[in-house]
Amino acid sequence: MHSPPFPKAGCYDASGVEGGWWMFGEQRGSSHSCSQMHTRRHLSRSVWSAEQPRHIQEIHPWRSQGKGVVLRVKRDWIIPPIRVLENSKQVPENLVQIKSDKIFTGEVIYKLEGPGVDQPPKNFFEIDDKTGVIRSKRPLDREKYNSFTLKAFALSPSGERLENPTTIEIVVLDQNDNRPAFTQKQFTGSVSEFSVPGTSVMSVSATDADDPMTDNAFLSYSIIGQESIPANAVTKTMFGINNETGTIYTRDVGLDREVVKSFRLMLQVADMGGMGLTSEGVAVIHVSDINNHAPQFYPSSYGMTAVENRMNYEIGRVNVTDIDDRGTGNWEAKYFISNDPYRNFAVTTDSVTNQGILMAVKPLDYEAQNEHILFLTVENVNPLSDKAPNLPASSAIVVVTVVNENEAPHFREDPIRIVVPESVAPGTLLKSNIAFDPDNSDLRYEISRDPERWLDINRHTGDIIARRTFNMRSQHVKNNIYVAVVKVTDVGGVSTTASVVITLKETNDFAPKLLPPSGTVCRNARRAVSGLLLTAEDDDLPPHAAPFLFEMPHDVSINWTVIQVNETHAMLQPLVDLEDGEYTVTVLVSDSGTPTLSSYAHINVTVCLCDSFGDCKSESGAVLGSSMGISFIALIIIVASFGLLILLLLLAVAINSCGRQHHIKKGSGLLVGDSEDDIRDNVLNYDEQGGGEEDENAFNIDLLWNPLDAPLTPMPYYPVRGKQPVRKDAPHNLPSPAYPRRPPADPSDIEDYISDGLEAANKDPNVPPYDTALIYDYEGEGSLAGSLSSIASGSSDEDQDYDYLNNWGPRFQKLANMYDPR
């Protein structure tokens, strides 16, 4: 067992036991006593060297047990922290040496692990594996790493642990290497004007990165300069600062915002209680305004003019002065008007200029009052401070002169309301004294709108007169109200209008009308339900319409009676059994108007036998039984005469058609009969068309047109193919003439119809002499007339002979010239 190298300066375990780890070195900057080293639960075995600071303390944390030594099994020795000064320039620097008491058994290898060695931050410390000396490799910064906790190991050459690892704590001691700094580049605060000394204004603060438990971070505040804005407005020191808390406060009186607007203070903060490193800052303090000045009128009297009959417009402005802070409630003014009993005027504040705007809020009347004297007072929006002078509120006098102008006439009421019966007599006075002129000038009246032209007005007096009787059924009457417009103009040309609202009262103008005009009464029905239900309609409105009263006139229709069913209906019933037939019954119907209007109505009633549905079984019974209608025999005679007339007409038409047929001579050509002038009778009108060349027996009639059904179109049909005759009498592609479109109604005019069509065809240059579409009419079989197509059916186009057309007379001469093959 080794003895401590410095027994006089060392500290021993209270039990006197020595053993385990041994540490040699010097504790720099430490003033701890031995009692401070035994504050932990485990005892420390260490020897301190205070006399020779450059020696290294040797620690034996693993010393074995010896004779008379107390054995401690449950706990280990704890080594006190090793203190190292930051920013040391002596690097590398030996800090401590550790030893194991098992060194006699063989070689011991020392290892060191933990943050600062092999863990981040790395390479701050190292250990000599042979000697156990721990040293720092580079300067330390306490503001970054204030301590390191390492573990030391004692190993055999084979890597076997000889002892349990021991903890070594290295504490970095602070140096005053950081200046204090203000937390803001510029501090801003405010203080009310006329504040008393000692009034807290604001607080400033600063920070120091050094150890807050040392004087290196103990800060002290001070004011090193003061500037007033405007410059030199105040020269005495107005503010102080608490050197420990940084609170700025007022030191003197005389803060007047009207004199000085703000202050700029230069601040300083120093560590070491004001004896160390320093920094500077700025604080700006604004002097806030209080309402210590009342607004004042300048000048105090005004004269203004106002035009009568105008409202809500500016008359003029009044001015005030206030030296309080502009744009705040201490400066903004409020105006009040007195001596205005009718409240014709109002004053508002211009937010930019603080002027009072005087306005006329009601129309002024020059004739009633041509001058108004107003008293105005003013005060601030914010209440006046108790530090302001005690003065009465400022006031001003405003004289408003009213200017006369030509006023428009005024209607005494608008709209002008009139209530009148609709049947008012023309010329009746409806309304008078409807308008007046404030300037007492003459007025001219006229009606500017009267869609029904029911009204008239006196041009000079304005009396409204009924021009004619009103009609409530007019489209311009809505809900019994008719609206017109009246216009009045003074001598200056100023005019105004008013509506005339006429409420029409309903009068009894129309008598009721009985409905229905005719009906049926069943003869064999029971008396209680048999009859004709009557009603009435009235063009009047209530109360001049329903209820209606139905009556039978005296000595008229004595076989009938009418029974009232309700206010609008009645039942017409016979008093005796009547024969089937038609009867005319007279009924009187009256309305409920004043005066009562009535009307007679004649109802045609048919009495007949009825089926189960109440309908007449046979109408002939009613006809035969009627004493007023046409007799049945007369009706039969009329029908028979009409049928005979039709039969005779048909017979006449048939005889006429048979007598007009002609015989055609065979071998003499188409349409050649006994008379050359009567060939038109061979053309008939049929509404059936054939099938072309396959039906030549019935349909190959080569007429140029169908005179009774189709338009006249000269389009001949040629059944043979080959060279066709060419027209040589007219050029091609010229406009065609108009052909007759409708056949004549009288068959005797067919000759003129064909002649007109032929004349149009002769003048048509566009008719081709070759095949084209035709209209065919079926004329039956066995016709004596030949077909034009047979002319060319037996020979070619070159052999076709059209000379026979020259023998048909002058009417076919043009046709012969058209089909000349030469």
# chains A, B, ... in the order shown; residues from 1 in each chain; ligands from 1
call {"tool": "residues_around", "arguments": {"residues": "Leu609 of chain A", "least_positions_apart": "6", "cutoff": "6 Å", "atoms": "only C-alpha atoms", "output": "PyMOL selection string"}}
result
chain A and resi 522-523+616-617
call {"tool": "residues_around", "arguments": {"residues": "Ser205 of chain A", "least_positions_apart": "2", "cutoff": "7 Å", "atoms": "only C-alpha atoms", "output": "list in words"}}
result
Phe182, Thr183, Ser203 and Gly246 of chain A
call {"tool": "residues_around", "arguments": {"residues": "Pro81 of chain A", "least_positions_apart": "2", "cutoff": "7 Å", "atoms": "only C-alpha atoms", "output": "list in words"}}
result
Ile79, Arg83, Ile168, Glu169, Ile170 and Val171 of chain A
call {"tool": "write_last_selection", "arguments": {"atoms": "N, CA and C atoms", "output": "PDB file, in the first residue's frame"}}
result
ATOM      1  N   ILE A  79     -15.081   9.901  -6.522  1.00  0.00           N
ATOM      2  CA  ILE A  79     -14.043  10.896  -6.720  1.00  0.00           C
ATOM      3  C   ILE A  79     -14.699  12.255  -6.875  1.00  0.00           C
ATOM      4  N   ARG A  83     -12.123  20.378 -11.560  1.00  0.00           N
ATOM      5  CA  ARG A  83     -12.483  21.682 -12.096  1.00  0.00           C
ATOM      6  C   ARG A  83     -11.393  22.170 -13.029  1.00  0.00           C
ATOM      7  N   ILE A 168     -15.584   9.803 -13.417  1.00  0.00           N
ATOM      8  CA  ILE A 168     -14.794  11.018 -13.240  1.00  0.00           C
ATOM      9  C   ILE A 168     -15.586  12.169 -13.857  1.00  0.00           C
ATOM     10  N   GLU A 169     -15.909  13.190 -13.078  1.00  0.00           N
ATOM     11  CA  GLU A 169     -16.666  14.348 -13.548  1.00  0.00           C
ATOM     12  C   GLU A 169     -15.728  15.547 -13.647  1.00  0.00           C
ATOM     13  N   ILE A 170     -15.747  16.174 -14.816  1.00  0.00           N
ATOM     14  CA  ILE A 170     -14.923  17.344 -15.080  1.00  0.00           C
ATOM     15  C   ILE A 170     -15.849  18.533 -15.225  1.00  0.00           C
ATOM     16  N   VAL A 171     -15.679  19.556 -14.388  1.00  0.00           N
ATOM     17  CA  VAL A 171     -16.500  20.763 -14.406  1.00  0.00           C
ATOM     18  C   VAL A 171     -15.669  21.897 -14.984  1.00  0.00           C
TER      19      VAL A 171
END
call {"tool": "residues_around", "arguments": {"residues": "Asn406 of chain A", "least_positions_apart": "4", "cutoff": "10 Å", "atoms": "only C-alpha atoms", "output": "JSON, numbers by chain"}}
result
{"A": [308, 309, 437, 438, 439, 441, 490, 491, 492, 493, 494]}
